[in-house]
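Trainee: Next comes the structure file model_5.csv, holding CSV, C-alpha atoms and all ligand atoms.
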```csv
chain,number,residue,atom,x,y,z
A,1388,MET,CA,76.3,68.6,28.5
A,1389,LYS,CA,74.0,70.1,26.0
A,1390,LEU,CA,75.6,72.2,23.3
A,1391,THR,CA,73.1,75.0,23.8
A,1392,ASN,CA,74.3,75.4,27.4
A,1393,ALA,CA,77.9,75.3,26.4
A,1394,LEU,CA,77.3,78.0,23.7
A,1395,SER,CA,74.9,80.1,25.7
A,1396,VAL,CA,77.7,82.6,26.3
A,1397,LEU,CA,77.6,83.6,22.6
A,1398,VAL,CA,74.1,84.9,23.0
A,1399,ASP,CA,75.1,87.2,25.8
A,1400,LEU,CA,78.2,88.3,24.0
A,1401,SER,CA,76.4,89.2,20.8
A,1402,TYR,CA,73.7,91.0,22.8
A,1403,ALA,CA,76.4,93.0,24.6
A,1404,PHE,CA,77.9,94.0,21.3
A,1405,ARG,CA,74.5,94.9,19.8
A,1406,VAL,CA,73.7,97.3,22.6
A,1407,ALA,CA,77.1,98.7,23.4
A,1408,PHE,CA,79.1,98.8,20.2
A,1409,LEU,CA,77.7,102.0,18.7
A,1410,PRO,CA,77.6,104.0,22.0
A,1411,THR,CA,81.2,103.0,22.6
A,1412,LEU,CA,82.2,103.9,19.0
A,1413,ARG,CA,80.6,107.3,19.5
A,1414,ASP,CA,82.7,107.9,22.6
A,1415,ILE,CA,85.8,106.9,20.7
A,1416,LEU,CA,85.0,109.4,18.0
A,1417,HIS,CA,84.7,112.1,20.6
A,1418,ALA,CA,87.9,111.1,22.3
A,1419,PRO,CA,90.1,109.1,19.8
A,1420,LEU,CA,92.9,108.7,22.3
A,1421,LEU,CA,90.7,106.1,24.1
A,1422,VAL,CA,91.9,103.5,21.7
A,1423,PHE,CA,95.3,103.6,23.5
A,1424,ARG,CA,93.7,103.1,26.9
A,1425,PRO,CA,92.3,99.6,26.9
A,1426,VAL,CA,91.2,99.6,30.6
A,1427,GLN,CA,89.3,102.8,30.1
A,1428,LEU,CA,87.8,101.5,26.9
A,1429,SER,CA,86.7,98.3,28.6
A,1430,ARG,CA,85.0,100.2,31.4
A,1431,LEU,CA,83.3,102.4,29.0
A,1432,PHE,CA,81.9,99.5,27.1
A,1433,MET,CA,80.8,97.8,30.4
A,1434,ALA,CA,79.0,101.0,31.4
A,1435,HIS,CA,77.1,101.0,28.1
A,1436,VAL,CA,76.3,97.2,28.5
A,1437,TRP,CA,75.0,97.6,32.0
A,1438,VAL,CA,72.5,100.3,30.9
A,1439,PHE,CA,70.6,97.3,29.3
A,1440,ILE,CA,71.8,94.1,31.0
A,1441,GLY,CA,71.6,95.8,34.4
A,1442,ASN,CA,67.8,96.0,34.3
A,1443,THR,CA,67.3,92.4,33.1
A,1444,THR,CA,69.7,91.0,35.7
A,1445,ASP,CA,67.9,92.9,38.4
A,1446,GLU,CA,64.5,91.7,37.4
A,1447,CYS,CA,65.8,88.1,37.0
A,1448,TYR,CA,67.2,88.0,40.5
A,1449,SER,CA,65.0,90.4,42.4
A,1450,SER,CA,63.6,87.6,44.7
A,1451,VAL,CA,67.1,86.5,45.7
A,1452,LYS,CA,68.1,90.0,46.5
A,1453,SER,CA,64.8,90.6,48.4
A,1454,GLY,CA,65.7,87.6,50.6
A,1455,LEU,CA,69.3,88.7,51.2
A,1456,LEU,CA,69.8,92.4,51.2
A,1457,PRO,CA,67.4,93.4,54.0
A,1458,ASP,CA,69.9,91.8,56.3
A,1459,ALA,CA,72.3,94.6,55.7
A,1460,HIS,CA,72.6,96.9,58.7
A,1461,GLY,CA,74.6,99.8,60.2
A,1462,VAL,CA,77.2,101.3,57.9
A,1463,VAL,CA,76.8,99.3,54.7
A,1464,LEU,CA,79.5,99.0,51.9
A,1465,GLU,CA,78.4,97.8,48.5
A,1466,ILE,CA,81.2,96.4,46.3
A,1467,GLY,CA,80.7,97.4,42.7
A,1468,ALA,CA,77.4,99.3,42.9
A,1469,GLY,CA,77.0,99.4,39.1
A,1470,ARG,CA,74.0,101.6,38.3
A,1471,GLY,CA,72.6,101.5,41.9
A,1472,HIS,CA,70.1,98.7,41.3
A,1473,ASN,CA,70.6,97.1,44.7
A,1474,ILE,CA,70.0,100.1,46.9
A,1475,ARG,CA,66.2,99.8,47.0
A,1476,TYR,CA,66.4,96.3,48.5
A,1477,LEU,CA,68.0,97.6,51.7
A,1478,ASP,CA,65.9,98.0,54.8
A,1479,LYS,CA,66.3,101.7,55.3
A,1480,THR,CA,65.4,101.5,59.0
A,1481,LYS,CA,68.5,99.3,59.6
A,1482,VAL,CA,71.0,101.2,57.5
A,1483,ALA,CA,72.8,104.2,59.0
A,1484,LYS,CA,74.9,105.0,56.0
A,1485,TYR,CA,75.3,103.5,52.5
A,1486,VAL,CA,78.8,103.5,51.1
A,1487,ALA,CA,79.1,102.6,47.4
A,1488,LEU,CA,82.3,101.4,45.9
A,1489,GLU,CA,82.4,101.7,42.1
A,1490,PRO,CA,85.7,102.0,40.2
A,1491,ASN,CA,83.8,102.7,37.0
A,1492,THR,CA,83.2,106.5,37.4
A,1493,ARG,CA,80.9,106.4,34.3
A,1494,MET,CA,78.3,104.9,36.5
A,1495,HIS,CA,78.6,107.3,39.4
A,1496,SER,CA,75.7,109.7,38.5
A,1497,GLU,CA,73.3,106.7,38.3
A,1498,ILE,CA,74.3,105.4,41.7
A,1499,ARG,CA,74.0,108.9,43.2
A,1500,LYS,CA,70.5,109.2,41.7
A,1501,ALA,CA,69.4,105.8,42.9
A,1502,ALA,CA,70.7,106.5,46.4
A,1503,ALA,CA,68.9,109.9,46.5
A,1504,GLU,CA,65.6,108.2,45.4
A,1505,VAL,CA,65.6,106.1,48.6
A,1506,GLY,CA,66.8,109.0,50.8
A,1507,PHE,CA,70.6,108.4,51.1
A,1508,THR,CA,72.5,111.7,50.2
A,1509,GLU,CA,76.0,113.0,50.7
A,1510,ASP,CA,74.5,116.2,52.1
A,1511,ALA,CA,72.8,114.3,54.9
A,1512,GLY,CA,75.9,112.3,55.6
A,1513,THR,CA,74.1,109.0,54.7
A,1514,PHE,CA,75.8,108.3,51.4
A,1515,VAL,CA,79.4,108.0,50.3
A,1516,LEU,CA,80.6,107.2,46.8
A,1517,LEU,CA,84.2,105.9,46.4
A,1518,PRO,CA,85.9,105.4,43.0
A,1519,TYR,CA,88.0,102.4,44.2
A,1520,GLY,CA,88.2,98.7,43.5
A,1521,ALA,CA,87.6,96.2,46.2
A,1522,GLU,CA,91.3,95.4,46.2
A,1523,GLU,CA,92.2,98.9,47.2
A,1524,THR,CA,91.6,98.4,50.9
A,1525,GLY,CA,94.2,101.1,51.9
A,1526,LEU,CA,92.4,103.8,50.0
A,1527,ILE,CA,89.0,102.6,51.2
A,1528,ASN,CA,90.0,102.8,54.8
A,1529,SER,CA,91.7,106.2,54.3
A,1530,ALA,CA,88.5,107.5,52.8
A,1531,LEU,CA,86.4,106.0,55.6
A,1532,GLY,CA,88.6,107.5,58.3
A,1533,GLY,CA,90.3,104.3,59.5
A,1534,PRO,CA,89.9,100.5,59.6
A,1535,HIS,CA,86.9,98.5,60.8
A,1536,THR,CA,84.2,101.1,60.2
A,1537,ILE,CA,81.8,98.8,58.1
A,1538,ASP,CA,79.0,96.7,59.7
A,1539,THR,CA,77.9,95.0,56.4
A,1540,ILE,CA,79.8,94.4,53.2
A,1541,PHE,CA,77.7,93.1,50.3
A,1542,SER,CA,78.5,92.2,46.7
A,1543,ILE,CA,76.1,91.3,43.9
A,1544,LEU,CA,77.7,89.8,40.9
A,1545,THR,CA,80.9,91.7,41.4
A,1546,PHE,CA,83.5,89.5,43.1
A,1547,CYS,CA,84.0,87.7,39.8
A,1548,SER,CA,85.7,90.9,38.5
A,1549,VAL,CA,87.9,91.8,41.4
A,1550,PRO,CA,91.5,91.2,40.3
A,1551,ASN,CA,93.5,88.7,42.3
A,1552,PHE,CA,90.4,87.9,44.3
A,1553,GLU,CA,92.0,85.1,46.3
A,1554,ASN,CA,94.4,87.5,47.9
A,1555,SER,CA,92.3,90.7,47.9
A,1556,ILE,CA,89.2,89.4,49.7
A,1557,ARG,CA,91.2,88.8,52.9
A,1558,PRO,CA,92.2,92.4,53.6
A,1559,LEU,CA,88.7,93.5,52.8
A,1560,VAL,CA,87.2,91.3,55.4
A,1561,ASP,CA,90.1,91.6,57.8
A,1562,GLN,CA,90.7,95.4,57.7
A,1563,VAL,CA,87.5,97.0,56.5
A,1564,LEU,CA,84.7,94.9,58.1
A,1565,LYS,CA,84.2,95.4,61.8
A,1566,PRO,CA,84.6,92.4,64.1
A,1567,GLY,CA,81.2,90.8,64.3
A,1568,GLY,CA,80.2,92.4,60.9
A,1569,THR,CA,78.3,90.7,58.1
A,1570,LEU,CA,79.3,89.8,54.6
A,1571,LEU,CA,76.4,89.1,52.1
A,1572,PHE,CA,77.0,88.0,48.6
A,1573,PHE,CA,75.2,86.7,45.5
A,1574,GLU,CA,77.6,85.6,42.8
A,1575,HIS,CA,78.0,83.3,39.9
A,1576,VAL,CA,80.6,80.7,40.8
A,1577,ARG,CA,82.7,77.7,39.6
A,1578,SER,CA,80.5,74.8,38.6
A,1579,ARG,CA,81.0,71.6,40.6
A,1580,ARG,CA,80.5,69.7,37.3
A,1581,ALA,CA,83.8,69.1,35.5
A,1582,ASP,CA,82.3,69.5,32.0
A,1583,VAL,CA,80.6,72.7,32.9
A,1584,PHE,CA,83.7,74.0,34.6
A,1585,TRP,CA,85.7,73.2,31.4
A,1586,TRP,CA,83.4,75.5,29.4
A,1587,GLN,CA,83.5,78.2,32.0
A,1588,ARG,CA,87.3,78.2,31.7
A,1589,PHE,CA,87.1,78.0,27.9
A,1590,TRP,CA,85.0,81.1,27.6
A,1591,THR,CA,86.7,83.2,30.3
A,1592,PRO,CA,89.5,84.8,28.2
A,1593,ILE,CA,87.0,86.4,25.8
A,1594,TRP,CA,84.2,86.9,28.4
A,1595,ALA,CA,86.6,88.7,30.7
A,1596,LYS,CA,87.7,91.0,27.9
A,1597,VAL,CA,84.2,92.0,27.1
A,1598,PHE,CA,82.8,92.1,30.7
A,1599,ASP,CA,85.4,94.1,32.6
A,1600,GLY,CA,87.5,91.2,33.9
A,1601,CYS,CA,84.6,88.9,34.9
A,1602,GLU,CA,85.9,85.4,35.4
A,1603,LEU,CA,83.3,82.7,34.8
A,1604,GLY,CA,84.6,79.8,36.8
A,1605,ARG,CA,85.9,81.6,39.8
A,1606,PRO,CA,85.2,79.7,43.0
A,1607,VAL,CA,84.1,82.8,44.8
A,1608,ASP,CA,82.0,80.9,47.4
A,1609,THR,CA,84.8,78.4,48.2
A,1610,ILE,CA,87.4,81.2,48.6
A,1611,ILE,CA,85.2,83.2,50.9
A,1612,GLU,CA,84.2,80.2,53.0
A,1613,GLY,CA,87.8,79.2,53.3
A,1614,LEU,CA,88.8,82.4,55.1
A,1615,ASP,CA,89.5,81.6,58.7
A,1616,MET,CA,87.6,84.7,60.0
A,1617,TRP,CA,84.0,83.5,60.2
A,1618,GLU,CA,82.0,82.9,63.3
A,1619,ARG,CA,79.0,81.8,61.3
A,1620,LYS,CA,78.5,81.0,57.6
A,1621,GLU,CA,75.6,80.0,55.5
A,1622,VAL,CA,76.2,79.5,51.8
A,1623,THR,CA,73.5,78.1,49.6
A,1624,GLY,CA,72.6,77.8,45.9
A,1625,ILE,CA,69.5,78.7,44.0
A,1626,GLU,CA,66.8,76.1,44.4
A,1627,GLY,CA,66.1,74.4,41.0
A,1628,GLU,CA,68.9,76.0,39.1
A,1629,ASP,CA,69.9,74.1,35.9
A,1630,PRO,CA,72.9,72.0,36.9
A,1631,GLU,CA,74.3,72.5,33.4
A,1632,THR,CA,74.2,76.3,33.4
A,1633,LEU,CA,77.5,78.2,33.0
A,1634,PHE,CA,76.1,80.7,35.5
A,1635,VAL,CA,75.6,78.6,38.6
A,1636,HIS,CA,74.9,80.9,41.5
A,1637,SER,CA,75.8,81.0,45.2
A,1638,ILE,CA,74.2,83.1,48.0
A,1639,GLY,CA,76.2,83.7,51.2
A,1640,ARG,CA,75.6,85.2,54.6
A,1641,LEU,CA,78.7,85.2,56.9
A,1642,THR,CA,79.5,86.7,60.2
A,1643,LYS,CA,83.0,87.7,61.1
A,1644,VAL,CA,84.4,86.7,64.5
A,1645,SER,CA,83.6,89.3,67.1
A,1646,THR,CA,87.0,89.5,68.8
A,1647,ALA,CA,89.5,91.4,66.7
A,1648,ALA,CA,92.1,89.0,65.4
B,1701,LIG,C1,78.2,92.8,36.7
B,1701,LIG,S1,78.3,94.4,37.4
B,1701,LIG,C2,77.2,94.3,38.8
B,1701,LIG,C3,76.8,95.7,39.2
B,1701,LIG,C4,75.9,95.7,40.5
B,1701,LIG,N1,76.5,95.0,41.6
B,1701,LIG,C5,74.5,95.1,40.2
B,1701,LIG,O1,74.2,94.1,40.8
B,1701,LIG,O2,73.8,95.7,39.3
B,1701,LIG,C6,79.9,94.4,38.1
B,1701,LIG,C7,80.3,95.7,38.7
B,1701,LIG,O3,81.6,95.5,39.3
B,1701,LIG,C8,82.4,96.7,39.1
B,1701,LIG,N2,83.8,96.3,39.3
B,1701,LIG,C9,84.7,95.9,38.4
B,1701,LIG,N3,85.9,95.7,39.0
B,1701,LIG,C10,85.7,96.0,40.3
B,1701,LIG,C11,86.6,96.0,41.4
B,1701,LIG,N4,87.9,95.6,41.3
B,1701,LIG,N5,86.1,96.3,42.6
B,1701,LIG,C12,84.8,96.7,42.8
B,1701,LIG,N6,83.9,96.7,41.7
B,1701,LIG,C13,84.4,96.4,40.5
B,1701,LIG,C14,82.0,97.1,37.7
B,1701,LIG,O4,82.3,98.4,37.4
B,1701,LIG,C15,80.5,96.8,37.7
B,1701,LIG,O5,79.8,97.9,38.1
B,1702,LIG,C1,66.0,100.5,33.3
B,1702,LIG,O1,65.1,100.6,34.4
B,1702,LIG,C2,64.9,102.0,34.8
B,1702,LIG,C3,64.1,102.0,36.1
B,1702,LIG,O2,63.0,101.2,36.0
B,1702,LIG,C4,64.3,102.7,33.7
B,1702,LIG,O3,64.1,104.1,34.0
B,1702,LIG,C5,65.2,102.6,32.4
B,1702,LIG,O4,64.6,103.3,31.3
B,1702,LIG,C6,65.5,101.2,32.1
B,1702,LIG,N1,66.5,101.2,31.0
B,1702,LIG,C7,66.4,100.4,29.9
B,1702,LIG,C8,67.4,100.5,28.9
B,1702,LIG,O5,65.4,99.6,29.8
```
So, in terms of structure tokens, how does the structure I just supplied come out?

Mentor:
Amino acid sequence: MKLTNALSVLVDLSYAFRVAFLPTLRDILHAPLLVFRPVQLSRLFMAHVWVFIGNTTDECYSSVKSGLLPDAHGVVLEIGAGRGHNIRYLDKTKVAKYVALEPNTRMHSEIRKAAAEVGFTEDAGTFVLLPYGAEETGLINSALGGPHTIDTIFSILTFCSVPNFENSIRPLVDQVLKPGGTLLFFEHVRSRRADVFWWQRFWTPIWAKVFDGCELGRPVDTIIEGLDMWERKEVTGIEGEDPETLFVHSIGRLTKVSTAA
């Protein structure tokens, strides 16, 4: 494996620090007690990072998203909506309600703004914003008025950050998604190459600290495919992606069995 690939992460890390260090420092000066709240601090930093990297990422993968997200239909739940970059890819004629899950409340005003731009608002009952993580299925279902209310769940580059993903994805699909519902995802995943995976694991401790828990070599695709709740599954990669990249991607469309388990 080429060293430039193995070390590419350093470029991203230094960029993140360049754009987010000063804004985060400014926040700390306004609220010094933040230094004792590492989780809060990490989210703050991520919110500042995503102001810049969010746009670049969106531009870079807009064709993947255009091919995937128009499949979302009915009541749609986005996992980790970030700054609301993905809303405009939805086919509005197919979406009855857009529910955004985003535990980082620093990003909420941007999500609300992006939703309003395409016509989803809380006032009209077509938009709901929940401050929870994907692992908090009890809270999600309470807020939604019960289990099995969601027709489509989608996640763009977020499942990598959900804590204890292997165990928390199951209740999300089992209890939040309707029978017959759809899961769409676009994620970076574990490389099938041993040398690339070695580097993914090597960088994860520092990468996860900087990027809000993001695990580089997490086999998100394999874990999801392995759930025994699918009637149909289609999981592919990006055509022509460099096999040596630490950010190897996976695109998934899965349909949950229609009979309630
Ligand atoms: C890399 S960003 C992607 C944002 C957005 N999906 C996009 O495509 O622009 C990851 C997002 O996941 C959110 N996140 C972190 N932990 C989460 C969790 N446990 N559940 C749901 N979202 C989470 C972060 O706050 C952040 O907005
Ligand atoms: C990101 O994109 C939005 C929408 O195009 C734009 O308004 C904003 O200024 C951009 N932010 C940065 C930091 O480039």

Trainee: Using all atoms listed in the file, which residue out of A:His1472, A:His1636, A:Arg1405, A:Arg1577 lies closest to ligand LIG 1701 (chain B)?

Mentor: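 Distance minimum relative to ligand LIG 1701 (chain B) lands on A:His1472.
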
Trainee: Enumerate as a PyMOL selection string the residues within 6 Å of ligand LIG 1702 (chain B), counting all atoms listed in the file.

Mentor: chain A and resi 1438-1439+1442

Trainee: Have a look at CA of Phe1572 (chain A) and CA of Ser1637 (chain A) and let me know their distance in Å, one decimal.

Mentor: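 Taking CA of Phe1572 (chain A) and CA of Ser1637 (chain A), their separation equals 7.9 Å.
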
Trainee: Would you mind reading off the distance between CA of Leu1531 (chain A) and CA of Leu1544 (chain A), one decimal, in Å?

Mentor: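 For CA of Leu1531 (chain A) relative to CA of Leu1544 (chain A), the distance reads 23.5 Å.
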
Trainee: From the list A:Val1635, A:Leu1641, A:Ile1625, A:Leu1559, which residue is nearest Thr1524 (chain A) when using only C-alpha atoms?

Mentor: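 Closest to Thr1524 (chain A) of all the choices is A:Leu1559.
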
Trainee: Which is closer to Asp1478 (chain A) than all the others in A:Leu1614, A:Ile1466, A:Leu1455, A:Met1494, using all atoms listed in the file?

Mentor: A:Leu1455

Trainee: Take CA of Arg1413 (chain A) and CA of Asn1491 (chain A) and report the distance between them in Å, one decimal.

Mentor: 18.4 Å

Trainee: Compare A:Val1505, A:Arg1605, A:Ser1529, A:Ile1498 by their minimum atom-to-atom distance to Cys1547 (chain A), counting all atoms listed in the file, and give me the closest one.

Mentor: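 Nearest candidate to Cys1547 (chain A) out of A:Val1505, A:Arg1605, A:Ser1529, A:Ile1498: A:Arg1605.
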
Trainee: Using only C-alpha atoms, pick whichever of A:Ala1530, A:Glu1509, A:Phe1541, A:Asp1599 has the shortest atom-to-atom distance to Gln1427 (chain A).

Mentor: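 So, comparing all the options, the nearest one is A:Asp1599.
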
Trainee: Pick out the residues sitting within 9 Å of Ala1434 (chain A), and hand them over as a PDB file with C-alpha atoms, in the frame of the given file; count all atoms listed in the file, and ignore anything fewer than 5 positions along from it in its own chain.

Mentor:
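Output below, filename selection.pdb:
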```
ATOM      1  CA  ALA A1407      77.100  98.700  23.400  1.00  0.00           C
ATOM      2  CA  SER A1429      86.700  98.300  28.600  1.00  0.00           C
ATOM      3  CA  GLY A1469      77.000  99.400  39.100  1.00  0.00           C
ATOM      4  CA  ARG A1470      74.000 101.600  38.300  1.00  0.00           C
ATOM      5  CA  ASN A1491      83.800 102.700  37.000  1.00  0.00           C
ATOM      6  CA  ARG A1493      80.900 106.400  34.300  1.00  0.00           C
ATOM      7  CA  MET A1494      78.300 104.900  36.500  1.00  0.00           C
TER       8      MET A1494
END
```

Trainee: Compile the contact shell of Gly1525 (chain A) as number ranges by chain: residues with an atom at most 12 Å away, counting all atoms listed in the file, same-chain residues fewer than 2 positions apart removed.

Mentor: A: 1519-1523, 1527-1535, 1555, 1558-1559, 1561-1563

Trainee: Need the neighbours of (90.5, 83.6, 42.5): which residues are at most 12 Å away, counting only C-alpha atoms, as a PDB file with C-alpha atoms, keeping the file's coordinate frame?

Mentor:
```
ATOM      1  CA  PHE A1546      83.500  89.500  43.100  1.00  0.00           C
ATOM      2  CA  CYS A1547      84.000  87.700  39.800  1.00  0.00           C
ATOM      3  CA  SER A1548      85.700  90.900  38.500  1.00  0.00           C
ATOM      4  CA  VAL A1549      87.900  91.800  41.400  1.00  0.00           C
ATOM      5  CA  PRO A1550      91.500  91.200  40.300  1.00  0.00           C
ATOM      6  CA  ASN A1551      93.500  88.700  42.300  1.00  0.00           C
ATOM      7  CA  PHE A1552      90.400  87.900  44.300  1.00  0.00           C
ATOM      8  CA  GLU A1553      92.000  85.100  46.300  1.00  0.00           C
ATOM      9  CA  ASN A1554      94.400  87.500  47.900  1.00  0.00           C
ATOM     10  CA  SER A1555      92.300  90.700  47.900  1.00  0.00           C
ATOM     11  CA  ILE A1556      89.200  89.400  49.700  1.00  0.00           C
ATOM     12  CA  ARG A1557      91.200  88.800  52.900  1.00  0.00           C
ATOM     13  CA  VAL A1576      80.600  80.700  40.800  1.00  0.00           C
ATOM     14  CA  ARG A1577      82.700  77.700  39.600  1.00  0.00           C
ATOM     15  CA  GLY A1600      87.500  91.200  33.900  1.00  0.00           C
ATOM     16  CA  CYS A1601      84.600  88.900  34.900  1.00  0.00           C
ATOM     17  CA  GLU A1602      85.900  85.400  35.400  1.00  0.00           C
ATOM     18  CA  LEU A1603      83.300  82.700  34.800  1.00  0.00           C
ATOM     19  CA  GLY A1604      84.600  79.800  36.800  1.00  0.00           C
ATOM     20  CA  ARG A1605      85.900  81.600  39.800  1.00  0.00           C
ATOM     21  CA  PRO A1606      85.200  79.700  43.000  1.00  0.00           C
ATOM     22  CA  VAL A1607      84.100  82.800  44.800  1.00  0.00           C
ATOM     23  CA  ASP A1608      82.000  80.900  47.400  1.00  0.00           C
ATOM     24  CA  THR A1609      84.800  78.400  48.200  1.00  0.00           C
ATOM     25  CA  ILE A1610      87.400  81.200  48.600  1.00  0.00           C
ATOM     26  CA  ILE A1611      85.200  83.200  50.900  1.00  0.00           C
ATOM     27  CA  GLY A1613      87.800  79.200  53.300  1.00  0.00           C
TER      28      GLY A1613
END
```

Trainee: Mind writing region 1602-1613 of chain A to a file for me, with N, CA, C and O atoms, as an mmCIF file, in the first residue's frame?

Mentor:
```
data_model
loop_
_atom_site.group_PDB
_atom_site.id
_atom_site.type_symbol
_atom_site.label_atom_id
_atom_site.label_comp_id
_atom_site.auth_asym_id
_atom_site.auth_seq_id
_atom_site.Cartn_x
_atom_site.Cartn_y
_atom_site.Cartn_z
ATOM 1 N N GLU A 1602 -15.623 5.721 13.659
ATOM 2 C CA GLU A 1602 -14.710 4.573 13.600
ATOM 3 C C GLU A 1602 -14.420 4.261 12.126
ATOM 4 O O GLU A 1602 -15.331 4.012 11.343
ATOM 5 N N LEU A 1603 -13.133 4.273 11.765
ATOM 6 C CA LEU A 1603 -12.776 4.149 10.344
ATOM 7 C C LEU A 1603 -13.050 2.769 9.750
ATOM 8 O O LEU A 1603 -13.558 2.662 8.652
ATOM 9 N N GLY A 1604 -12.676 1.724 10.467
ATOM 10 C CA GLY A 1604 -12.771 0.391 9.869
ATOM 11 C C GLY A 1604 -14.001 -0.393 10.288
ATOM 12 O O GLY A 1604 -14.001 -1.624 10.248
ATOM 13 N N ARG A 1605 -15.050 0.303 10.656
ATOM 14 C CA ARG A 1605 -16.251 -0.406 11.123
ATOM 15 C C ARG A 1605 -16.968 -1.076 9.945
ATOM 16 O O ARG A 1605 -17.272 -0.422 8.950
ATOM 17 N N PRO A 1606 -17.260 -2.378 10.065
ATOM 18 C CA PRO A 1606 -17.917 -3.083 8.955
ATOM 19 C C PRO A 1606 -19.423 -2.832 8.929
ATOM 20 O O PRO A 1606 -20.227 -3.763 9.047
ATOM 21 N N VAL A 1607 -19.806 -1.572 8.772
ATOM 22 C CA VAL A 1607 -21.211 -1.176 8.815
ATOM 23 C C VAL A 1607 -22.061 -2.013 7.852
ATOM 24 O O VAL A 1607 -23.140 -2.500 8.203
ATOM 25 N N ASP A 1608 -21.547 -2.201 6.639
ATOM 26 C CA ASP A 1608 -22.304 -2.941 5.622
ATOM 27 C C ASP A 1608 -22.544 -4.393 6.032
ATOM 28 O O ASP A 1608 -23.666 -4.908 5.966
ATOM 29 N N THR A 1609 -21.502 -5.049 6.503
ATOM 30 C CA THR A 1609 -21.615 -6.454 6.902
ATOM 31 C C THR A 1609 -22.559 -6.618 8.091
ATOM 32 O O THR A 1609 -23.354 -7.562 8.143
ATOM 33 N N ILE A 1610 -22.452 -5.687 9.051
ATOM 34 C CA ILE A 1610 -23.311 -5.766 10.237
ATOM 35 C C ILE A 1610 -24.780 -5.628 9.828
ATOM 36 O O ILE A 1610 -25.639 -6.402 10.268
ATOM 37 N N ILE A 1611 -25.060 -4.673 8.961
ATOM 38 C CA ILE A 1611 -26.453 -4.460 8.534
ATOM 39 C C ILE A 1611 -26.963 -5.654 7.725
ATOM 40 O O ILE A 1611 -28.050 -6.178 7.975
ATOM 41 N N GLU A 1612 -26.148 -6.105 6.787
ATOM 42 C CA GLU A 1612 -26.567 -7.254 5.982
ATOM 43 C C GLU A 1612 -26.810 -8.486 6.834
ATOM 44 O O GLU A 1612 -27.627 -9.342 6.499
ATOM 45 N N GLY A 1613 -26.087 -8.578 7.944
ATOM 46 C CA GLY A 1613 -26.169 -9.760 8.805
ATOM 47 C C GLY A 1613 -27.422 -9.812 9.665
ATOM 48 O O GLY A 1613 -27.717 -10.843 10.264
#
```
